[in-house]
$ cat structure_26.cif   # mmCIF, C-alpha atoms
data_input
#
loop_
_atom_site.group_PDB
_atom_site.id
_atom_site.type_symbol
_atom_site.label_atom_id
_atom_site.label_comp_id
_atom_site.auth_asym_id
_atom_site.auth_seq_id
_atom_site.Cartn_x
_atom_site.Cartn_y
_atom_site.Cartn_z
ATOM 1 C CA MET N 6 44.093 -33.200 -5.567
ATOM 2 C CA ASP N 7 41.294 -31.106 -7.061
ATOM 3 C CA LEU N 8 39.958 -28.505 -4.609
ATOM 4 C CA SER N 9 37.927 -26.595 -7.196
ATOM 5 C CA THR N 10 34.236 -25.843 -6.815
ATOM 6 C CA LYS N 11 31.527 -23.671 -8.350
ATOM 7 C CA TYR N 12 29.492 -21.264 -6.247
ATOM 8 C CA ALA N 13 26.367 -19.872 -7.917
ATOM 9 C CA GLY N 14 28.019 -20.711 -11.236
ATOM 10 C CA ILE N 15 31.279 -18.908 -10.443
ATOM 11 C CA PRO N 16 34.404 -21.117 -10.490
ATOM 12 C CA LEU N 17 36.506 -21.010 -7.307
ATOM 13 C CA ALA N 18 39.905 -22.593 -6.681
ATOM 14 C CA HIS N 19 38.535 -24.070 -3.447
ATOM 15 C CA PRO N 20 35.403 -23.678 -1.250
ATOM 16 C CA LEU N 21 36.840 -21.478 1.551
ATOM 17 C CA LEU N 22 35.930 -17.785 1.236
ATOM 18 C CA PRO N 23 36.521 -14.786 3.493
ATOM 19 C CA GLY N 24 33.014 -13.531 4.254
ATOM 20 C CA ALA N 25 31.758 -9.960 4.318
ATOM 21 C CA SER N 26 33.501 -7.916 7.010
ATOM 22 C CA PRO N 27 35.250 -4.556 7.555
ATOM 23 C CA LEU N 28 38.511 -6.306 6.627
ATOM 24 C CA VAL N 29 37.724 -5.985 2.931
ATOM 25 C CA ASP N 30 37.154 -2.232 3.059
ATOM 26 C CA LYS N 31 40.899 -1.774 2.427
ATOM 27 C CA LEU N 32 42.674 -2.855 -0.753
ATOM 28 C CA ASP N 33 45.798 -3.839 1.189
ATOM 29 C CA ASN N 34 43.747 -6.382 3.152
ATOM 30 C CA ILE N 35 42.221 -7.745 -0.046
ATOM 31 C CA ARG N 36 45.684 -8.252 -1.524
ATOM 32 C CA GLN N 37 46.781 -9.959 1.701
ATOM 33 C CA LEU N 38 43.762 -12.283 1.580
ATOM 34 C CA GLU N 39 44.639 -13.158 -2.007
ATOM 35 C CA ASP N 40 48.221 -13.907 -0.928
ATOM 36 C CA CYS N 41 46.826 -16.189 1.790
ATOM 37 C CA GLY N 42 44.883 -18.181 -0.783
ATOM 38 C CA ALA N 43 41.425 -16.581 -0.906
ATOM 39 C CA PRO N 44 39.700 -17.636 -4.169
ATOM 40 C CA GLY N 45 37.268 -14.702 -4.099
ATOM 41 C CA ILE N 46 36.326 -11.636 -2.077
ATOM 42 C CA VAL N 47 32.945 -10.918 -0.469
ATOM 43 C CA LEU N 48 32.625 -7.190 0.109
ATOM 44 C CA HIS N 49 31.145 -5.547 3.178
ATOM 45 C CA SER N 50 27.439 -4.724 2.784
ATOM 46 C CA LEU N 51 25.957 -1.578 1.340
ATOM 47 C CA PHE N 52 22.796 -0.888 3.332
ATOM 48 C CA GLU N 53 19.295 -0.026 2.195
ATOM 49 C CA GLU N 54 19.263 2.905 4.632
ATOM 50 C CA GLN N 55 22.413 4.391 3.087
ATOM 51 C CA ILE N 56 20.966 4.316 -0.420
ATOM 52 C CA ILE N 57 17.612 5.767 0.656
ATOM 53 C CA GLY N 58 19.425 8.452 2.640
ATOM 54 C CA GLU N 59 21.452 9.473 -0.404
ATOM 55 C CA GLN N 60 18.418 9.478 -2.697
ATOM 56 C CA THR N 61 15.981 11.380 -0.453
ATOM 57 C CA GLY N 62 18.189 13.219 2.039
ATOM 58 C CA PRO N 63 19.815 12.197 5.311
ATOM 59 C CA TYR N 64 16.860 13.108 7.491
ATOM 60 C CA SER N 65 14.180 11.082 5.713
ATOM 61 C CA ILE N 66 15.138 7.814 7.403
ATOM 62 C CA ARG N 67 16.048 9.421 10.718
ATOM 63 C CA GLU N 68 12.916 11.479 11.354
ATOM 64 C CA PRO N 69 10.467 9.614 13.633
ATOM 65 C CA HIS N 70 6.979 8.703 12.589
ATOM 66 C CA GLU N 71 4.180 9.936 14.817
ATOM 67 C CA GLU N 72 3.841 6.543 16.476
ATOM 68 C CA ALA N 73 7.599 6.042 17.017
ATOM 69 C CA PHE N 74 9.633 6.695 20.130
ATOM 70 C CA ALA N 75 11.717 9.878 19.956
ATOM 71 C CA GLU N 76 14.798 7.879 20.912
ATOM 72 C CA ALA N 77 14.475 5.869 17.698
ATOM 73 C CA ARG N 78 16.231 8.702 15.848
ATOM 74 C CA THR N 79 19.462 7.730 17.579
ATOM 75 C CA TYR N 80 19.307 4.047 16.576
ATOM 76 C CA LEU N 81 20.432 4.604 12.984
ATOM 77 C CA PRO N 82 24.088 5.443 12.343
ATOM 78 C CA ALA N 83 24.844 8.867 10.927
ATOM 79 C CA SER N 84 25.924 8.904 7.272
ATOM 80 C CA GLU N 85 29.505 9.693 8.279
ATOM 81 C CA ASP N 86 29.595 6.539 10.430
ATOM 82 C CA PHE N 87 29.534 4.331 7.317
ATOM 83 C CA ILE N 88 32.991 3.615 5.904
ATOM 84 C CA LEU N 89 31.825 3.810 2.287
ATOM 85 C CA SER N 90 29.038 5.907 0.808
ATOM 86 C CA PRO N 91 26.989 4.325 -2.022
ATOM 87 C CA GLU N 92 29.124 6.097 -4.628
ATOM 88 C CA ASP N 93 32.323 5.155 -2.773
ATOM 89 C CA TYR N 94 31.098 1.549 -2.725
ATOM 90 C CA LEU N 95 30.859 1.463 -6.519
ATOM 91 C CA GLU N 96 34.318 2.980 -6.787
ATOM 92 C CA HIS N 97 35.631 0.390 -4.323
ATOM 93 C CA ILE N 98 34.324 -2.397 -6.574
ATOM 94 C CA ARG N 99 36.186 -0.874 -9.523
ATOM 95 C CA HIS N 100 39.386 -0.600 -7.491
ATOM 96 C CA CYS N 101 39.041 -4.213 -6.318
ATOM 97 C CA LYS N 102 38.710 -5.418 -9.908
ATOM 98 C CA GLU N 103 41.848 -3.493 -10.820
ATOM 99 C CA ALA N 104 43.800 -4.732 -7.789
ATOM 100 C CA THR N 105 43.016 -8.446 -8.113
ATOM 101 C CA ASN N 106 41.894 -11.078 -10.597
ATOM 102 C CA LEU N 107 39.644 -12.718 -8.023
ATOM 103 C CA PRO N 108 35.849 -12.746 -8.433
ATOM 104 C CA ILE N 109 34.215 -9.979 -6.399
ATOM 105 C CA PHE N 110 30.962 -10.712 -4.575
ATOM 106 C CA ALA N 111 29.284 -7.400 -3.724
ATOM 107 C CA SER N 112 26.689 -7.261 -0.955
ATOM 108 C CA LEU N 113 23.390 -5.407 -0.539
ATOM 109 C CA ASN N 114 21.747 -5.466 2.899
ATOM 110 C CA GLY N 115 18.079 -4.633 3.294
ATOM 111 C CA SER N 116 14.630 -5.931 4.114
ATOM 112 C CA ARG N 117 11.811 -4.884 1.776
ATOM 113 C CA SER N 118 11.260 -4.158 -1.897
ATOM 114 C CA GLY N 119 11.916 -0.582 -3.014
ATOM 115 C CA GLU N 120 13.791 1.738 -5.340
ATOM 116 C CA TRP N 121 17.031 1.077 -3.427
ATOM 117 C CA LEU N 122 17.194 -2.369 -5.046
ATOM 118 C CA HIS N 123 17.888 -0.791 -8.436
ATOM 119 C CA TYR N 124 21.351 -0.057 -7.045
ATOM 120 C CA ALA N 125 22.053 -3.702 -7.811
ATOM 121 C CA ARG N 126 22.291 -2.693 -11.467
ATOM 122 C CA GLU N 127 24.871 -0.026 -10.584
ATOM 123 C CA ILE N 128 26.848 -2.660 -8.685
ATOM 124 C CA GLU N 129 26.802 -5.004 -11.665
ATOM 125 C CA GLN N 130 27.904 -2.227 -14.019
ATOM 126 C CA ALA N 131 30.756 -1.352 -11.631
ATOM 127 C CA GLY N 132 32.185 -4.817 -12.318
ATOM 128 C CA ALA N 133 31.034 -7.081 -9.473
ATOM 129 C CA ASP N 134 30.882 -10.740 -10.482
ATOM 130 C CA ALA N 135 27.907 -11.588 -8.252
ATOM 131 C CA LEU N 136 25.658 -10.100 -5.592
ATOM 132 C CA GLU N 137 25.154 -11.362 -2.068
ATOM 133 C CA LEU N 138 21.652 -10.181 -1.173
ATOM 134 C CA ASN N 139 21.622 -10.010 2.609
ATOM 135 C CA LEU N 140 17.972 -9.967 3.678
ATOM 136 C CA TYR N 141 18.143 -8.945 7.314
ATOM 137 C CA PHE N 142 14.526 -8.818 8.414
ATOM 138 C CA LEU N 143 13.080 -9.780 11.784
ATOM 139 C CA PRO N 144 9.259 -10.021 11.697
ATOM 140 C CA SER N 145 7.671 -8.097 14.561
ATOM 141 C CA ASP N 146 4.211 -7.174 13.269
ATOM 142 C CA PRO N 147 1.533 -9.635 14.556
ATOM 143 C CA SER N 148 -0.670 -8.796 11.575
ATOM 144 C CA GLU N 149 1.877 -10.187 9.080
ATOM 145 C CA ASN N 150 1.563 -13.937 8.592
ATOM 146 C CA ALA N 151 4.241 -16.359 7.358
ATOM 147 C CA GLU N 152 3.050 -16.135 3.760
ATOM 148 C CA ASP N 153 3.320 -12.330 3.871
ATOM 149 C CA ILE N 154 6.927 -12.539 5.082
ATOM 150 C CA GLU N 155 7.910 -14.986 2.357
ATOM 151 C CA LYS N 156 6.204 -12.811 -0.251
ATOM 152 C CA ILE N 157 8.304 -9.810 0.855
ATOM 153 C CA THR N 158 11.511 -11.785 0.369
ATOM 154 C CA LEU N 159 10.444 -13.178 -3.017
ATOM 155 C CA GLU N 160 9.549 -9.691 -4.239
ATOM 156 C CA VAL N 161 13.029 -8.456 -3.336
ATOM 157 C CA ILE N 162 14.665 -11.311 -5.257
ATOM 158 C CA GLN N 163 12.407 -10.813 -8.288
ATOM 159 C CA GLU N 164 13.067 -7.080 -8.357
ATOM 160 C CA VAL N 165 16.847 -7.522 -8.281
ATOM 161 C CA ARG N 166 16.617 -10.268 -10.908
ATOM 162 C CA SER N 167 14.610 -7.965 -13.188
ATOM 163 C CA VAL N 168 17.407 -5.364 -13.350
ATOM 164 C CA THR N 169 20.520 -7.589 -13.322
ATOM 165 C CA LYS N 170 22.032 -10.580 -15.094
ATOM 166 C CA PHE N 171 24.815 -11.591 -12.703
ATOM 167 C CA PRO N 172 24.365 -14.349 -10.060
ATOM 168 C CA ILE N 173 22.280 -13.500 -6.987
ATOM 169 C CA ILE N 174 23.086 -15.256 -3.719
ATOM 170 C CA VAL N 175 20.448 -14.759 -1.022
ATOM 171 C CA LYS N 176 21.717 -14.631 2.547
ATOM 172 C CA LEU N 177 18.793 -15.362 4.817
ATOM 173 C CA SER N 178 17.830 -16.292 8.348
ATOM 174 C CA PRO N 179 16.676 -19.745 9.510
ATOM 175 C CA PHE N 180 13.358 -18.427 10.814
ATOM 176 C CA PHE N 181 10.897 -19.716 8.232
ATOM 177 C CA SER N 182 8.131 -22.215 8.846
ATOM 178 C CA SER N 183 8.967 -24.470 5.867
ATOM 179 C CA LEU N 184 12.480 -23.690 4.721
ATOM 180 C CA PRO N 185 12.721 -26.450 2.050
ATOM 181 C CA HIS N 186 9.573 -25.212 0.301
ATOM 182 C CA PHE N 187 10.660 -21.586 0.614
ATOM 183 C CA ALA N 188 14.128 -22.424 -0.714
ATOM 184 C CA ASN N 189 12.507 -23.798 -3.878
ATOM 185 C CA GLU N 190 10.431 -20.636 -4.168
ATOM 186 C CA MET N 191 13.531 -18.444 -3.920
ATOM 187 C CA ALA N 192 15.328 -20.485 -6.573
ATOM 188 C CA ALA N 193 12.316 -20.107 -8.867
ATOM 189 C CA ALA N 194 12.277 -16.344 -8.199
ATOM 190 C CA GLY N 195 15.825 -16.013 -9.511
ATOM 191 C CA ALA N 196 18.210 -16.860 -6.680
ATOM 192 C CA ASN N 197 21.324 -18.632 -7.999
ATOM 193 C CA GLY N 198 22.489 -19.495 -4.500
ATOM 194 C CA LEU N 199 21.422 -19.522 -0.863
ATOM 195 C CA LEU N 200 23.785 -18.594 1.969
ATOM 196 C CA LEU N 201 22.880 -20.118 5.339
ATOM 197 C CA PHE N 202 22.528 -18.270 7.684
ATOM 198 C CA ASN N 203 22.432 -14.638 8.667
ATOM 199 C CA ARG N 204 23.441 -14.019 12.295
ATOM 200 C CA PHE N 205 20.996 -11.806 14.161
ATOM 201 C CA TYR N 206 22.681 -9.599 16.735
ATOM 202 C CA TYR N 207 20.695 -9.520 19.953
ATOM 203 C CA PRO N 208 20.698 -6.230 21.887
ATOM 204 C CA ASP N 209 21.168 -6.155 25.639
ATOM 205 C CA ILE N 210 19.708 -3.819 28.269
ATOM 206 C CA ASP N 211 21.943 -1.342 30.041
ATOM 207 C CA LEU N 212 20.409 -1.376 33.525
ATOM 208 C CA GLU N 213 22.504 1.530 34.765
ATOM 209 C CA ASN N 214 21.378 3.960 32.056
ATOM 210 C CA LEU N 215 18.105 2.140 31.221
ATOM 211 C CA GLU N 216 18.926 1.994 27.536
ATOM 212 C CA VAL N 217 18.927 -0.640 24.829
ATOM 213 C CA GLU N 218 22.567 -1.504 24.201
ATOM 214 C CA PRO N 219 23.830 -2.906 20.876
ATOM 215 C CA LYS N 220 25.960 -5.983 21.451
ATOM 216 C CA LEU N 221 28.242 -7.835 19.057
ATOM 217 C CA GLU N 222 29.626 -11.272 19.835
ATOM 218 C CA LEU N 223 31.779 -13.154 17.368
ATOM 219 C CA SER N 224 30.576 -16.598 16.328
ATOM 220 C CA ARG N 225 31.720 -19.951 17.733
ATOM 221 C CA SER N 226 31.986 -23.352 16.094
ATOM 222 C CA SER N 227 28.872 -24.513 17.974
ATOM 223 C CA GLU N 228 26.793 -22.159 15.799
ATOM 224 C CA LEU N 229 27.791 -24.138 12.733
ATOM 225 C CA LEU N 230 25.507 -27.027 13.699
ATOM 226 C CA LEU N 231 22.350 -25.195 12.610
ATOM 227 C CA ARG N 232 23.939 -24.468 9.220
ATOM 228 C CA LEU N 233 25.058 -28.064 8.799
ATOM 229 C CA ARG N 234 21.609 -29.412 9.553
ATOM 230 C CA TRP N 235 19.751 -27.289 7.022
ATOM 231 C CA THR N 236 22.326 -27.502 4.266
ATOM 232 C CA ALA N 237 22.238 -31.285 4.621
ATOM 233 C CA MET N 238 18.451 -31.160 4.313
ATOM 234 C CA LEU N 239 18.445 -28.912 1.234
ATOM 235 C CA HIS N 240 21.428 -30.118 -0.796
ATOM 236 C CA GLY N 241 20.370 -32.052 -3.881
ATOM 237 C CA ARG N 242 16.697 -31.380 -3.219
ATOM 238 C CA VAL N 243 16.645 -27.686 -4.142
ATOM 239 C CA LYS N 244 18.122 -26.695 -7.501
ATOM 240 C CA THR N 245 20.461 -23.945 -6.398
ATOM 241 C CA SER N 246 23.960 -23.487 -5.026
ATOM 242 C CA PHE N 247 24.574 -23.433 -1.281
ATOM 243 C CA GLY N 248 26.982 -21.558 0.913
ATOM 244 C CA ILE N 249 27.530 -21.732 4.662
ATOM 245 C CA THR N 250 28.442 -18.814 6.911
ATOM 246 C CA GLY N 251 28.536 -18.577 10.706
ATOM 247 C CA GLY N 252 30.635 -20.697 13.050
ATOM 248 C CA VAL N 253 33.494 -21.653 10.714
ATOM 249 C CA HIS N 254 36.689 -21.548 12.797
ATOM 250 C CA THR N 255 38.613 -24.770 12.166
ATOM 251 C CA PRO N 256 39.612 -26.948 9.189
ATOM 252 C CA GLU N 257 37.170 -29.550 10.495
ATOM 253 C CA ASP N 258 34.384 -26.964 10.285
ATOM 254 C CA VAL N 259 35.197 -26.494 6.602
ATOM 255 C CA VAL N 260 35.231 -30.263 6.008
ATOM 256 C CA LYS N 261 31.839 -30.743 7.653
ATOM 257 C CA SER N 262 30.348 -27.872 5.662
ATOM 258 C CA VAL N 263 31.445 -29.386 2.354
ATOM 259 C CA MET N 264 30.263 -32.843 3.422
ATOM 260 C CA VAL N 265 26.703 -31.602 3.947
ATOM 261 C CA GLY N 266 26.700 -29.997 0.506
ATOM 262 C CA ALA N 267 28.133 -26.478 0.687
ATOM 263 C CA ASP N 268 29.709 -25.160 -2.510
ATOM 264 C CA ALA N 269 31.339 -22.318 -0.560
ATOM 265 C CA VAL N 270 32.219 -21.951 3.107
ATOM 266 C CA GLN N 271 32.654 -18.449 4.503
ATOM 267 C CA THR N 272 34.663 -17.473 7.556
ATOM 268 C CA VAL N 273 34.565 -14.060 9.231
ATOM 269 C CA SER N 274 34.863 -14.200 13.020
ATOM 270 C CA CYS N 275 37.944 -16.417 12.777
ATOM 271 C CA LEU N 276 39.719 -13.733 10.727
ATOM 272 C CA LEU N 277 38.529 -10.870 12.916
ATOM 273 C CA LYS N 278 39.765 -12.701 15.991
ATOM 274 C CA ASN N 279 43.031 -14.165 14.691
ATOM 275 C CA GLY N 280 43.960 -11.942 11.756
ATOM 276 C CA ILE N 281 44.098 -12.480 7.998
ATOM 277 C CA PRO N 282 46.959 -15.070 8.138
ATOM 278 C CA ALA N 283 44.500 -17.434 9.871
ATOM 279 C CA PHE N 284 42.925 -17.932 6.442
ATOM 280 C CA ARG N 285 46.079 -19.644 5.190
ATOM 281 C CA SER N 286 46.048 -21.973 8.207
ATOM 282 C CA LEU N 287 42.389 -22.893 7.667
ATOM 283 C CA LEU N 288 42.999 -23.688 4.026
ATOM 284 C CA ALA N 289 46.142 -25.721 4.742
ATOM 285 C CA GLY N 290 44.326 -27.697 7.446
ATOM 286 C CA PHE N 291 41.418 -28.423 5.111
ATOM 287 C CA GLN N 292 43.756 -29.681 2.404
ATOM 288 C CA GLN N 293 45.725 -31.765 4.890
ATOM 289 C CA TRP N 294 42.533 -33.424 6.158
ATOM 290 C CA MET N 295 41.575 -34.357 2.614
ATOM 291 C CA GLU N 296 45.028 -35.832 1.948
ATOM 292 C CA GLU N 297 45.072 -37.829 5.189
ATOM 293 C CA ASN N 298 41.608 -39.211 4.466
ATOM 294 C CA GLU N 299 42.415 -39.969 0.818
ATOM 295 C CA TYR N 300 39.939 -37.651 -0.846
ATOM 296 C CA GLU N 301 40.938 -36.842 -4.400
ATOM 297 C CA SER N 302 38.565 -33.919 -4.928
ATOM 298 C CA VAL N 303 36.067 -31.615 -3.267
ATOM 299 C CA ARG N 304 33.445 -33.036 -5.619
ATOM 300 C CA GLN N 305 34.000 -36.495 -4.095
ATOM 301 C CA MET N 306 33.403 -35.102 -0.605
ATOM 302 C CA LYS N 307 30.571 -32.690 -1.343
ATOM 303 C CA GLY N 308 27.161 -33.783 -0.108
ATOM 304 C CA SER N 309 28.343 -37.128 1.263
ATOM 305 C CA PHE N 310 26.536 -36.374 4.532
ATOM 306 C CA SER N 311 23.461 -34.736 3.011
ATOM 307 C CA HIS N 312 19.950 -36.168 3.107
ATOM 308 C CA HIS N 313 19.736 -36.286 -0.682
ATOM 309 C CA ASN N 314 19.973 -40.086 -0.816
ATOM 310 C CA CYS N 315 17.871 -40.644 2.285
ATOM 311 C CA PRO N 316 14.341 -41.859 1.356
ATOM 312 C CA ASN N 317 12.754 -40.253 4.423
ATOM 313 C CA PRO N 318 14.781 -37.319 5.810
ATOM 314 C CA SER N 319 12.084 -36.259 8.277
ATOM 315 C CA ALA N 320 12.107 -39.711 9.866
ATOM 316 C CA LEU N 321 15.885 -39.555 10.093
ATOM 317 C CA GLU N 322 15.673 -36.163 11.824
ATOM 318 C CA ARG N 323 13.110 -37.566 14.274
ATOM 319 C CA THR N 324 15.332 -40.569 15.008
ATOM 320 C CA ASN N 325 18.365 -38.367 15.645
ATOM 321 C CA TYR N 326 16.260 -36.175 17.924
ATOM 322 C CA LEU N 327 15.186 -39.141 20.028
ATOM 323 C CA ARG N 328 18.710 -40.556 20.188
ATOM 324 C CA THR N 329 20.124 -37.205 21.279
ATOM 325 C CA LEU N 330 17.635 -36.897 24.127
ATOM 326 C CA GLN N 331 18.511 -40.374 25.347
ATOM 327 C CA LEU N 332 22.204 -39.518 25.509
ATOM 328 C CA TRP N 333 21.658 -37.180 28.440
ATOM 329 C CA ARG N 334 22.185 -38.616 31.878
ATOM 330 C CA ALA N 335 21.977 -36.521 35.015
#
$ encode --input "structure_26.cif" --output "structure tokens"
Amino acid sequence: MDLSTKYAGIPLAHPLLPGASPLVDKLDNIRQLEDCGAPGIVLHSLFEEQIIGEQTGPYSIREPHEEAFAEARTYLPASEDFILSPEDYLEHIRHCKEATNLPIFASLNGSRSGEWLHYAREIEQAGADALELNLYFLPSDPSENAEDIEKITLEVIQEVRSVTKFPIIVKLSPFFSSLPHFANEMAAAGANGLLLFNRFYYPDIDLENLEVEPKLELSRSSELLLRLRWTAMLHGRVKTSFGITGGVHTPEDVVKSVMVGADAVQTVSCLLKNGIPAFRSLLAGFQQWMEENEYESVRQMKGSFSHHNCPNPSALERTNYLRTLQLWRA
């Protein structure tokens, strides 16, 4: 059985990857993931704010603007709260390359174009095999239209592409008005892969102290459905590689992700909840499902449930929508 795949041009022994998380901040964990069958390592993100803080001083991104609330100074983590400084991050990449033969996917997390993006070149020179560009941006300005938002993202991709040669994988949110068109635009701008989707973390309100309270909830398999839908829509119709992240907890989740066209399938919450050995179980379950259902390769399975061969995908989506509504009975 051939489990091999290519993700953004990088060969992998199989599609299942441990996604970016604090687990990979330690070399011992990376070695354990390799022992459990991980075909590559996605590093935790280096943030735009960290790089700007190092370049211009720690107070430049923490001092409030005249129109900002004073409390906003406390929203950003202090520099010592980050596990790795920008320089430590580069050193960590070098150590990872020495400790394992697996491809290393570094990660930059930011929102808008700027000098911080030139750190991508430093990451490439440190030995990373590819870059996951995590564009975490939630539009909140009523004066910015949809075209403006897309332009911001394309500028980021183009700027990173202009200073690097290694593969760029853009991790983005689902909140775009015409994702298929925008996906083509990102591929044309230099993205070698798209990772669907970023998980926005929604803050809560602490009623006792009347404060905004950060809240983190691990994903569930139900969140995978959004990823499946859009990957199925885009596979074979946009000339780039696709990865899925968010809601991958079971071998069946991995199977479904490959069937809609994913070249790589990332899992994070499953490992945070159940520990690194859960990776081995996921991989074994995926392989067992393929054997039981007589699949000879991942290539044979990949995209079998995508819309690539459907003459009218929008009509199919409309039909499924109507059928789903009719399934409900009080």
$ resolve_selection --input "structure_26.cif" --expression "the PyMOL selection byres ((chain N and resi 242-244) around 12)" --output "MDAnalysis selection string"
chainID N and resid 13 184:199 235:241 245:247 266 308 311:316 318
$ write_last_selection --input "structure_26.cif" --atoms "C-alpha atoms" --output "PDB file, keeping the file's coordinate frame"
ATOM      1  CA  ALA N  13      26.367 -19.872  -7.917  1.00  0.00           C
ATOM      2  CA  LEU N 184      12.480 -23.690   4.721  1.00  0.00           C
ATOM      3  CA  PRO N 185      12.721 -26.450   2.050  1.00  0.00           C
ATOM      4  CA  HIS N 186       9.573 -25.212   0.301  1.00  0.00           C
ATOM      5  CA  PHE N 187      10.660 -21.586   0.614  1.00  0.00           C
ATOM      6  CA  ALA N 188      14.128 -22.424  -0.714  1.00  0.00           C
ATOM      7  CA  ASN N 189      12.507 -23.798  -3.878  1.00  0.00           C
ATOM      8  CA  GLU N 190      10.431 -20.636  -4.168  1.00  0.00           C
ATOM      9  CA  MET N 191      13.531 -18.444  -3.920  1.00  0.00           C
ATOM     10  CA  ALA N 192      15.328 -20.485  -6.573  1.00  0.00           C
ATOM     11  CA  ALA N 193      12.316 -20.107  -8.867  1.00  0.00           C
ATOM     12  CA  ALA N 194      12.277 -16.344  -8.199  1.00  0.00           C
ATOM     13  CA  GLY N 195      15.825 -16.013  -9.511  1.00  0.00           C
ATOM     14  CA  ALA N 196      18.210 -16.860  -6.680  1.00  0.00           C
ATOM     15  CA  ASN N 197      21.324 -18.632  -7.999  1.00  0.00           C
ATOM     16  CA  GLY N 198      22.489 -19.495  -4.500  1.00  0.00           C
ATOM     17  CA  LEU N 199      21.422 -19.522  -0.863  1.00  0.00           C
ATOM     18  CA  TRP N 235      19.751 -27.289   7.022  1.00  0.00           C
ATOM     19  CA  THR N 236      22.326 -27.502   4.266  1.00  0.00           C
ATOM     20  CA  ALA N 237      22.238 -31.285   4.621  1.00  0.00           C
ATOM     21  CA  MET N 238      18.451 -31.160   4.313  1.00  0.00           C
ATOM     22  CA  LEU N 239      18.445 -28.912   1.234  1.00  0.00           C
ATOM     23  CA  HIS N 240      21.428 -30.118  -0.796  1.00  0.00           C
ATOM     24  CA  GLY N 241      20.370 -32.052  -3.881  1.00  0.00           C
ATOM     25  CA  THR N 245      20.461 -23.945  -6.398  1.00  0.00           C
ATOM     26  CA  SER N 246      23.960 -23.487  -5.026  1.00  0.00           C
ATOM     27  CA  PHE N 247      24.574 -23.433  -1.281  1.00  0.00           C
ATOM     28  CA  GLY N 266      26.700 -29.997   0.506  1.00  0.00           C
ATOM     29  CA  GLY N 308      27.161 -33.783  -0.108  1.00  0.00           C
ATOM     30  CA  SER N 311      23.461 -34.736   3.011  1.00  0.00           C
ATOM     31  CA  HIS N 312      19.950 -36.168   3.107  1.00  0.00           C
ATOM     32  CA  HIS N 313      19.736 -36.286  -0.682  1.00  0.00           C
ATOM     33  CA  ASN N 314      19.973 -40.086  -0.816  1.00  0.00           C
ATOM     34  CA  CYS N 315      17.871 -40.644   2.285  1.00  0.00           C
ATOM     35  CA  PRO N 316      14.341 -41.859   1.356  1.00  0.00           C
ATOM     36  CA  PRO N 318      14.781 -37.319   5.810  1.00  0.00           C
TER      37      PRO N 318
END
$ resolve_selection --input "structure_26.cif" --expression "the PyMOL selection byres ((chain N and resi 113-125) around 9)" --output "CSV table (one decimal) with C-alpha atoms, in the frame of the given file"
chain,number,residue,atom,x,y,z
N,49,HIS,CA,31.1,-5.5,3.2
N,50,SER,CA,27.4,-4.7,2.8
N,51,LEU,CA,26.0,-1.6,1.3
N,52,PHE,CA,22.8,-0.9,3.3
N,53,GLU,CA,19.3,0.0,2.2
N,54,GLU,CA,19.3,2.9,4.6
N,56,ILE,CA,21.0,4.3,-0.4
N,57,ILE,CA,17.6,5.8,0.7
N,60,GLN,CA,18.4,9.5,-2.7
N,91,PRO,CA,27.0,4.3,-2.0
N,111,ALA,CA,29.3,-7.4,-3.7
N,112,SER,CA,26.7,-7.3,-1.0
N,126,ARG,CA,22.3,-2.7,-11.5
N,127,GLU,CA,24.9,0.0,-10.6
N,128,ILE,CA,26.8,-2.7,-8.7
N,129,GLU,CA,26.8,-5.0,-11.7
N,130,GLN,CA,27.9,-2.2,-14.0
N,136,LEU,CA,25.7,-10.1,-5.6
N,137,GLU,CA,25.2,-11.4,-2.1
N,138,LEU,CA,21.7,-10.2,-1.2
N,139,ASN,CA,21.6,-10.0,2.6
N,140,LEU,CA,18.0,-10.0,3.7
N,141,TYR,CA,18.1,-8.9,7.3
N,142,PHE,CA,14.5,-8.8,8.4
N,143,LEU,CA,13.1,-9.8,11.8
N,157,ILE,CA,8.3,-9.8,0.9
N,158,THR,CA,11.5,-11.8,0.4
N,160,GLU,CA,9.5,-9.7,-4.2
N,161,VAL,CA,13.0,-8.5,-3.3
N,162,ILE,CA,14.7,-11.3,-5.3
N,164,GLU,CA,13.1,-7.1,-8.4
N,165,VAL,CA,16.8,-7.5,-8.3
N,168,VAL,CA,17.4,-5.4,-13.4
N,169,THR,CA,20.5,-7.6,-13.3
$ resolve_selection --input "structure_26.cif" --expression "the PyMOL selection byres ((chain N and resi 203) around 6)" --output "VMD selection string"
chain N and resid 177 to 178 202 204
$ residues_around --input "structure_26.cif" --residues "N:Glu103" --least-positions-apart "3" --cutoff "12 Å" --atoms "all atoms listed in the file" --output "list in words"
Leu32, Ile35, Arg36, Glu96, His97, Ile98, Arg99, His100, Asn106, Leu107, Pro108, Ile109, Ala131, Gly132 and Ala133 of chain N
$ atom_distance --input "structure_26.cif" --atom1 "atom CA of N:Val253" --atom2 "atom CA of N:Glu155"
27.7 Å
$ closest_residue --input "structure_26.cif" --among "N:Glu222, N:Asp153, N:Asp134, N:Asp268" --to "N:Leu200" --atoms "all atoms listed in the file"
N:Asp268
$ atom_distance --input "structure_26.cif" --atom1 "atom CA of N:Gly45" --atom2 "atom CA of N:Ala267"
15.7 Å
$ atom_distance --input "structure_26.cif" --atom1 "atom CA of N:Gln305" --atom2 "atom CA of N:Gln293"
15.5 Å
$ residues_around --input "structure_26.cif" --residues "N:Phe284" --least-positions-apart "6" --cutoff "8 Å" --atoms "only C-alpha atoms" --output "VMD selection string"
chain N and resid 23 38 41 to 43 276
$ closest_residue --input "structure_26.cif" --among "N:Arg234, N:Met264, N:Glu39, N:Met295" --to "N:Ser309" --atoms "all atoms listed in the file"
N:Met264
$ closest_residue --input "structure_26.cif" --among "N:Ala18, N:Ile174, N:Leu89, N:Leu230" --to "N:Met6" --atoms "all atoms listed in the file"
N:Ala18
